$ cat coords38.cif   # mmCIF, C-alpha atoms
data_entry
#
loop_
_atom_site.label_atom_id
_atom_site.label_comp_id
_atom_site.auth_asym_id
_atom_site.auth_seq_id
_atom_site.Cartn_x
_atom_site.Cartn_y
_atom_site.Cartn_z
CA MET X 1 43.47 -203.69 -52.83
CA ARG X 2 46.11 -201.84 -54.80
CA ASN X 3 46.98 -199.70 -51.79
CA ILE X 4 47.28 -202.81 -49.60
CA ALA X 5 49.59 -204.44 -52.12
CA VAL X 6 51.78 -201.35 -52.31
CA PHE X 7 51.87 -201.20 -48.50
CA CYS X 8 52.89 -204.86 -48.24
CA CYS X 9 55.64 -204.43 -50.82
CA SER X 10 56.87 -201.40 -48.92
CA LEU X 11 57.07 -203.43 -45.71
CA LEU X 12 59.00 -206.19 -47.44
CA LEU X 13 61.48 -203.72 -48.91
CA THR X 14 61.95 -202.01 -45.55
CA SER X 15 62.41 -205.34 -43.81
CA GLY X 16 64.99 -206.40 -46.38
CA ALA X 17 66.88 -203.16 -45.99
CA LEU X 18 66.98 -203.53 -42.21
CA ALA X 19 68.02 -207.18 -42.30
CA LYS X 20 71.82 -207.13 -42.04
CA GLU X 21 73.66 -209.77 -44.01
CA LEU X 22 76.03 -211.80 -41.89
CA THR X 23 79.72 -211.59 -42.72
CA GLY X 24 83.03 -212.76 -41.32
CA THR X 25 83.10 -214.75 -38.10
CA LEU X 26 79.37 -214.41 -37.41
CA LYS X 27 78.57 -215.88 -40.82
CA LYS X 28 80.93 -218.77 -40.16
CA ILE X 29 79.41 -219.40 -36.73
CA SER X 30 75.88 -219.25 -38.13
CA GLU X 31 76.62 -221.68 -40.95
CA THR X 32 78.62 -224.20 -38.92
CA LYS X 33 76.68 -223.82 -35.65
CA SER X 34 80.07 -223.79 -33.93
CA ILE X 35 82.72 -221.43 -32.58
CA THR X 36 86.42 -222.27 -32.27
CA ILE X 37 88.34 -221.02 -29.25
CA GLY X 38 92.12 -221.04 -29.13
CA TYR X 39 93.68 -221.82 -25.74
CA LEU X 40 97.14 -222.13 -24.18
CA LYS X 41 97.75 -225.20 -22.05
CA GLU X 42 100.38 -223.82 -19.65
CA THR X 43 99.39 -220.26 -18.72
CA ALA X 44 97.48 -220.75 -15.46
CA PRO X 45 95.30 -219.22 -14.21
CA PHE X 46 94.35 -217.64 -17.55
CA SER X 47 94.34 -220.59 -19.90
CA PHE X 48 95.39 -224.13 -19.02
CA LEU X 49 94.22 -227.74 -18.79
CA ASP X 50 92.48 -229.09 -15.71
CA PRO X 51 93.25 -232.60 -14.38
CA SER X 52 90.68 -234.03 -16.81
CA GLY X 53 92.38 -232.37 -19.80
CA ASN X 54 89.72 -229.69 -20.33
CA PRO X 55 90.67 -226.09 -21.20
CA VAL X 56 89.87 -223.80 -18.26
CA GLY X 57 90.91 -220.47 -16.80
CA TYR X 58 90.05 -216.79 -16.47
CA SER X 59 90.38 -216.01 -20.19
CA VAL X 60 88.56 -219.21 -21.18
CA ASP X 61 85.61 -218.28 -18.95
CA LEU X 62 85.37 -214.87 -20.64
CA CYS X 63 85.40 -216.53 -24.06
CA ARG X 64 82.64 -218.92 -23.05
CA ARG X 65 80.48 -215.91 -22.14
CA ILE X 66 81.22 -214.38 -25.54
CA ALA X 67 80.26 -217.65 -27.26
CA THR X 68 76.92 -217.60 -25.44
CA ALA X 69 76.35 -214.00 -26.52
CA ALA X 70 77.05 -214.94 -30.17
CA LYS X 71 74.64 -217.87 -29.89
CA ASN X 72 71.89 -215.60 -28.56
CA GLU X 73 72.56 -212.90 -31.14
CA LEU X 74 72.27 -215.38 -33.98
CA GLY X 75 69.19 -217.06 -32.51
CA LEU X 76 70.81 -220.50 -32.50
CA SER X 77 69.21 -223.27 -30.45
CA LYS X 78 72.61 -224.89 -29.97
CA LEU X 79 76.22 -223.82 -30.45
CA ASP X 80 79.13 -226.26 -30.47
CA VAL X 81 82.10 -224.72 -28.64
CA LYS X 82 85.31 -226.24 -30.01
CA PHE X 83 88.76 -225.80 -28.47
CA VAL X 84 92.05 -225.77 -30.37
CA GLU X 85 95.42 -225.74 -28.63
CA ILE X 86 97.71 -222.93 -29.73
CA THR X 87 101.14 -221.70 -28.62
CA LEU X 88 102.57 -218.28 -27.88
CA GLN X 89 104.45 -218.57 -31.16
CA ASN X 90 101.60 -219.60 -33.52
CA ARG X 91 98.62 -217.76 -31.95
CA PHE X 92 98.68 -214.86 -34.44
CA ASP X 93 98.79 -217.22 -37.42
CA ALA X 94 95.90 -219.21 -35.90
CA VAL X 95 93.74 -216.08 -35.72
CA GLU X 96 94.72 -214.74 -39.15
CA SER X 97 94.20 -218.06 -40.95
CA GLY X 98 90.79 -218.70 -39.40
CA LYS X 99 91.97 -221.79 -37.55
CA ILE X 100 90.42 -220.22 -34.45
CA ASP X 101 87.70 -217.57 -34.12
CA ILE X 102 88.99 -216.03 -30.90
CA GLU X 103 92.22 -216.41 -28.92
CA CYS X 104 91.71 -216.81 -25.18
CA GLY X 105 95.05 -216.58 -23.46
CA ILE X 106 97.43 -213.86 -22.29
CA SER X 107 97.96 -211.65 -25.32
CA THR X 108 99.10 -208.09 -24.66
CA ILE X 109 97.56 -205.34 -26.76
CA THR X 110 100.20 -203.54 -28.84
CA LEU X 111 99.93 -201.21 -31.81
CA SER X 112 102.28 -203.33 -33.92
CA ARG X 113 100.17 -206.43 -33.31
CA MET X 114 97.14 -204.51 -34.57
CA GLU X 115 98.72 -204.70 -38.01
CA ARG X 116 97.86 -208.41 -37.95
CA VAL X 117 94.91 -208.89 -35.60
CA ASP X 118 92.21 -207.00 -33.70
CA PHE X 119 91.67 -206.95 -29.94
CA THR X 120 88.65 -206.81 -27.70
CA LEU X 121 88.33 -204.49 -24.73
CA PRO X 122 91.12 -205.16 -22.20
CA THR X 123 90.61 -208.19 -19.97
CA PHE X 124 93.48 -207.85 -17.49
CA VAL X 125 96.37 -205.56 -16.52
CA THR X 126 99.74 -206.67 -15.21
CA GLY X 127 103.47 -206.03 -15.69
CA ALA X 128 106.59 -208.09 -16.29
CA SER X 129 108.77 -209.11 -13.36
CA LEU X 130 111.55 -211.55 -12.42
CA LEU X 131 111.42 -214.87 -10.61
CA SER X 132 114.58 -216.13 -8.93
CA LYS X 133 115.60 -218.66 -6.28
CA ALA X 134 115.16 -217.57 -2.66
CA ASP X 135 118.77 -218.48 -1.80
CA SER X 136 120.06 -216.07 -4.48
CA PRO X 137 117.26 -213.54 -4.96
CA ILE X 138 117.18 -210.79 -7.56
CA ARG X 139 115.48 -207.88 -5.81
CA THR X 140 115.05 -205.50 -8.76
CA THR X 141 115.34 -205.72 -12.53
CA ALA X 142 118.54 -203.64 -12.38
CA ASP X 143 120.18 -206.45 -10.38
CA VAL X 144 120.36 -208.71 -13.47
CA ALA X 145 123.71 -207.19 -14.48
CA GLY X 146 126.09 -210.07 -15.13
CA LYS X 147 123.28 -212.60 -14.68
CA THR X 148 121.56 -215.07 -17.00
CA VAL X 149 117.82 -214.58 -17.55
CA VAL X 150 115.42 -216.86 -19.39
CA VAL X 151 112.53 -215.40 -21.42
CA ILE X 152 109.79 -216.84 -23.63
CA ARG X 153 110.54 -216.00 -27.24
CA GLU X 154 108.21 -213.85 -29.37
CA THR X 155 106.46 -212.28 -26.38
CA THR X 156 106.11 -208.68 -25.22
CA THR X 157 107.91 -209.75 -22.04
CA GLU X 158 110.98 -210.70 -24.05
CA ALA X 159 110.94 -207.49 -26.11
CA ALA X 160 110.44 -205.29 -23.05
CA PHE X 161 113.25 -206.99 -21.15
CA ILE X 162 115.74 -206.63 -24.01
CA ASN X 163 114.76 -202.96 -24.38
CA TYR X 164 115.19 -202.46 -20.63
CA LEU X 165 118.74 -203.83 -20.81
CA LYS X 166 119.60 -201.54 -23.73
CA ASP X 167 117.99 -198.43 -22.25
CA ASN X 168 119.74 -198.91 -18.91
CA LEU X 169 123.10 -200.08 -20.30
CA ILE X 170 122.87 -203.36 -18.39
CA ASP X 171 124.76 -206.41 -19.61
CA ALA X 172 122.96 -209.71 -19.02
CA GLU X 173 122.75 -212.96 -20.92
CA VAL X 174 119.29 -213.73 -22.33
CA VAL X 175 118.18 -217.33 -22.93
CA GLN X 176 115.08 -218.00 -25.04
CA VAL X 177 112.58 -220.85 -24.57
CA ASP X 178 109.13 -221.63 -25.95
CA THR X 179 107.10 -222.33 -22.82
CA GLU X 180 106.74 -221.48 -19.13
CA THR X 181 107.55 -225.07 -18.24
CA GLU X 182 110.92 -224.86 -20.01
CA GLY X 183 111.74 -221.54 -18.36
CA LEU X 184 110.89 -222.75 -14.87
CA LYS X 185 112.91 -225.94 -15.38
CA LEU X 186 116.03 -223.94 -16.27
CA LEU X 187 115.56 -221.87 -13.12
CA ASN X 188 114.98 -224.93 -10.94
CA ASP X 189 118.06 -226.64 -12.42
CA ASN X 190 120.13 -223.52 -11.60
CA LYS X 191 121.02 -223.04 -15.27
CA VAL X 192 119.76 -219.45 -15.20
CA ASP X 193 119.58 -216.82 -12.47
CA ALA X 194 116.08 -215.56 -13.18
CA PHE X 195 112.93 -216.09 -15.23
CA ALA X 196 111.39 -212.96 -16.81
CA LEU X 197 107.64 -213.17 -17.30
CA ASP X 198 104.41 -211.30 -16.54
CA GLN X 199 104.18 -210.92 -12.78
CA VAL X 200 100.75 -212.53 -12.39
CA GLN X 201 101.96 -215.61 -14.27
CA LEU X 202 105.05 -215.86 -12.08
CA ILE X 203 102.85 -215.67 -8.99
CA GLY X 204 100.82 -218.52 -10.46
CA GLN X 205 103.99 -220.57 -10.90
CA ILE X 206 105.01 -219.94 -7.29
CA ILE X 207 101.62 -220.93 -5.93
CA GLN X 208 101.48 -224.14 -7.97
CA SER X 209 105.00 -225.23 -7.00
CA ASP X 210 105.71 -227.87 -4.36
CA ASN X 211 107.81 -225.40 -2.36
CA PRO X 212 106.64 -221.78 -2.86
CA LYS X 213 109.14 -220.50 -0.28
CA SER X 214 112.02 -221.56 -2.51
CA TYR X 215 111.33 -218.67 -4.90
CA ALA X 216 111.72 -214.90 -4.76
CA LEU X 217 109.85 -212.32 -6.85
CA SER X 218 111.49 -209.02 -7.79
CA GLN X 219 110.03 -205.93 -6.15
CA ASP X 220 109.48 -203.98 -9.37
CA THR X 221 108.01 -204.45 -12.85
CA TYR X 222 109.68 -203.41 -16.08
CA SER X 223 106.73 -203.29 -18.48
CA TYR X 224 103.01 -202.56 -18.85
CA GLU X 225 100.97 -205.56 -20.05
CA PRO X 226 97.27 -204.95 -20.87
CA TYR X 227 95.80 -208.32 -21.84
CA SER X 228 93.00 -208.79 -24.35
CA LEU X 229 91.35 -211.44 -26.54
CA MET X 230 92.48 -211.58 -30.16
CA LEU X 231 90.12 -211.60 -33.15
CA ARG X 232 90.53 -211.37 -36.91
CA ARG X 233 91.07 -207.87 -38.27
CA ASN X 234 88.21 -205.82 -39.69
CA ASP X 235 85.50 -208.07 -38.26
CA ALA X 236 83.50 -205.31 -36.58
CA ASP X 237 80.28 -207.25 -35.98
CA PHE X 238 81.90 -210.10 -34.05
CA ARG X 239 84.18 -207.69 -32.19
CA LEU X 240 81.10 -205.71 -31.12
CA ILE X 241 79.48 -208.84 -29.66
CA ALA X 242 82.70 -209.64 -27.79
CA ASN X 243 83.01 -206.10 -26.46
CA ARG X 244 79.36 -205.97 -25.47
CA SER X 245 79.83 -209.19 -23.53
CA LEU X 246 82.91 -207.91 -21.69
CA ALA X 247 81.34 -204.51 -20.96
CA GLN X 248 78.27 -206.27 -19.54
CA ILE X 249 80.46 -208.50 -17.35
CA TYR X 250 82.29 -205.43 -16.02
CA ARG X 251 79.16 -203.27 -15.70
CA THR X 252 77.17 -205.89 -13.77
CA LYS X 253 80.18 -206.81 -11.59
CA GLN X 254 80.16 -210.41 -12.86
CA TYR X 255 83.93 -210.06 -13.18
CA LYS X 256 84.17 -210.40 -9.39
CA THR X 257 82.87 -213.98 -9.56
CA ILE X 258 85.20 -214.90 -12.42
CA TYR X 259 88.21 -213.21 -10.82
CA THR X 260 87.60 -214.83 -7.43
CA LYS X 261 87.23 -218.24 -9.07
CA TRP X 262 90.73 -218.11 -10.55
CA PHE X 263 92.71 -215.62 -8.45
CA GLY X 264 90.89 -215.18 -5.14
CA ARG X 265 91.39 -218.81 -4.17
CA VAL X 266 95.14 -218.21 -4.06
CA GLY X 267 94.88 -214.93 -2.20
CA LEU X 268 95.35 -212.47 -5.07
CA LYS X 269 93.22 -209.36 -4.74
CA VAL X 270 92.13 -207.04 -7.54
CA SER X 271 94.89 -204.45 -7.98
CA THR X 272 94.18 -200.74 -8.23
CA ALA X 273 95.10 -200.78 -11.92
CA LEU X 274 92.85 -203.76 -12.64
CA ALA X 275 89.93 -202.24 -10.74
CA ALA X 276 90.32 -199.09 -12.84
CA MET X 277 90.38 -201.19 -16.02
CA TYR X 278 87.09 -202.87 -15.11
CA GLN X 279 85.47 -199.53 -14.33
CA ILE X 280 86.72 -197.70 -17.42
CA ASN X 281 85.60 -200.49 -19.77
CA ALA X 282 82.14 -200.99 -18.21
CA LEU X 283 80.72 -199.19 -21.24
CA PRO X 284 77.01 -198.36 -21.35
CA GLU X 285 74.76 -199.81 -24.05
#
$ encode --input "coords38.cif" --output "structure tokens"
Amino acid sequence: MRNIAVFCCSLLLTSGALAKELTGTLKKISETKSITIGYLKETAPFSFLDPSGNPVGYSVDLCRRIATAAKNELGLSKLDVKFVEITLQNRFDAVESGKIDIECGISTITLSRMERVDFTLPTFVTGASLLSKADSPIRTTADVAGKTVVVIRETTTEAAFINYLKDNLIDAEVVQVDTETEGLKLLNDNKVDAFALDQVQLIGQIIQSDNPKSYALSQDTYSYEPYSLMLRRNDADFRLIANRSLAQIYRTKQYKTIYTKWFGRVGLKVSTALAAMYQINALPE
């Protein structure tokens, strides 16, 4: 009997040692039975509101998959997925403060941003470009000399454009706004000559407009924009679940369904750079 008792105690101690205590976001999700996703309402097709007012888009779909993975990992019978609207200006604060558990929009991975937040595996690759009116097109970024260009403040697109002007000794007036809607309105009202934004977002604006032929897109890009989903810093366990989810989506080619749903319907094909991103990040288990 004594040997059996010792054996049972040994099993209990081993089990306790192997049982990992939940921390950070996973602990919060487990205790509240909910996950909070931050979304942007005007960044189609990545994150926006559908006609019924529900958050949808490419990035939102990826985050829903991650939420399901967290639910399965924690063994929850039900997980309440909550959505909180954020802006390009307050998204970092929302992640840091815990207002949201994951940001599902169009955030570019940068080393300086890693001082505040963490990022998942990349989710998209694009570059910044210029949108102008077809009757006065701006063919290349260098053609902005003497022109007025609107940018969205506190974005990598803004920083890259200002650096481009300095590096190339080009003089152009830069106007700052907070949203895509504001930037497009200034362009449509002929108050600026061009709108600088990530190329894929500009294409989305053209497609959604009433008269797509009234716009012109510059032939080049002036920055490299690898998108990702933002998480709180030093939360390795939740980040691992997110990365496992994305790697599985890439590895099993599920990304094709998600991409086609949001981009294929408007004729956008997977670029060479994006195809390489999917392949490189299809990490094995």
$ closest_residue --input "coords38.cif" --among "X:Leu26, X:Leu268, X:Thr126, X:Gln201" --to "Glu42 of chain X" --atoms "all atoms listed in the file"
X:Gln201
$ closest_residue --input "coords38.cif" --among "X:Asp143, X:Arg265, X:Glu285, X:Thr32" --to "Leu240 of chain X" --atoms "only C-alpha atoms"
X:Glu285
$ residues_around --input "coords38.cif" --residues "segment 174-177 of chain X" --least-positions-apart "6" --cutoff "8 Å" --atoms "all atoms listed in the file" --output "PyMOL selection string"
chain X and resi 148-153+183
$ resolve_selection --input "coords38.cif" --expression "the PyMOL selection byres ((chain X and resi 62-64) around 8)" --output "mmCIF file with C-alpha atoms, keeping the file's coordinate frame"
data_model
loop_
_atom_site.group_PDB
_atom_site.id
_atom_site.type_symbol
_atom_site.label_atom_id
_atom_site.label_comp_id
_atom_site.auth_asym_id
_atom_site.auth_seq_id
_atom_site.Cartn_x
_atom_site.Cartn_y
_atom_site.Cartn_z
ATOM 1 C CA ILE X 37 88.340 -221.020 -29.250
ATOM 2 C CA TYR X 58 90.050 -216.790 -16.470
ATOM 3 C CA SER X 59 90.380 -216.010 -20.190
ATOM 4 C CA VAL X 60 88.560 -219.210 -21.180
ATOM 5 C CA ASP X 61 85.610 -218.280 -18.950
ATOM 6 C CA ARG X 65 80.480 -215.910 -22.140
ATOM 7 C CA ILE X 66 81.220 -214.380 -25.540
ATOM 8 C CA ALA X 67 80.260 -217.650 -27.260
ATOM 9 C CA THR X 68 76.920 -217.600 -25.440
ATOM 10 C CA ILE X 102 88.990 -216.030 -30.900
ATOM 11 C CA CYS X 104 91.710 -216.810 -25.180
ATOM 12 C CA LEU X 246 82.910 -207.910 -21.690
#
$ residues_around --input "coords38.cif" --residues "Glu154 of chain X" --least-positions-apart "5" --cutoff "8 Å" --atoms "all atoms listed in the file" --output "CSV table (one decimal) with C-alpha atoms, in the coordinates of the input"
chain,number,residue,atom,x,y,z
X,88,LEU,CA,102.6,-218.3,-27.9
X,89,GLN,CA,104.4,-218.6,-31.2
X,159,ALA,CA,110.9,-207.5,-26.1
$ resolve_selection --input "coords38.cif" --expression "the PyMOL selection byres ((chain X and resi 210-221) around 12)" --output "PyMOL selection string"
chain X and resi 126-144+157+160-161+164+184+187-188+193-209+222-225
$ atom_distance --input "coords38.cif" --atom1 "atom CA of Glu96 of chain X" --atom2 "atom CA of Arg232 of chain X"
5.8 Å
$ closest_residue --input "coords38.cif" --among "X:Glu182, X:Glu73, X:Glu85, X:Glu115" --to "Ala242 of chain X" --atoms "only C-alpha atoms"
X:Glu73
$ atom_distance --input "coords38.cif" --atom1 "atom CA of Val84 of chain X" --atom2 "atom CA of Lys28 of chain X"
16.4 Å
$ atom_distance --input "coords38.cif" --atom1 "atom CA of Asp235 of chain X" --atom2 "atom CA of Thr25 of chain X"
7.1 Å
$ residues_near_point --input "coords38.cif" --point "(100.9, -225.1, -26.5)" --cutoff "12 Å" --atoms "all atoms listed in the file" --output "ChimeraX atom specification"
/X:38-43,47-49,55,84-91,105,178-182
$ closest_residue --input "coords38.cif" --among "X:Glu31, X:Leu79, X:Asp118, X:Ile100" --to "Asn234 of chain X" --atoms "only C-alpha atoms"
X:Asp118
$ resolve_selection --input "coords38.cif" --expression "the PyMOL selection byres ((chain X and resi 124) around 9)" --output "PyMOL selection string"
chain X and resi 106+122-123+125-126+225-228+274+277-278
$ residues_around --input "coords38.cif" --residues "Gly264 of chain X" --least-positions-apart "6" --cutoff "12 Å" --atoms "all atoms listed in the file" --output "PyMOL selection string"
chain X and resi 45+58+204+255-258+270-271
$ residues_near_point --input "coords38.cif" --point "(100.4, -211.3, -37.6)" --cutoff "7 Å" --atoms "only C-alpha atoms" --output "list in words"
Phe92, Asp93, Glu96, Arg113, Glu115, Arg116 and Val117 of chain X
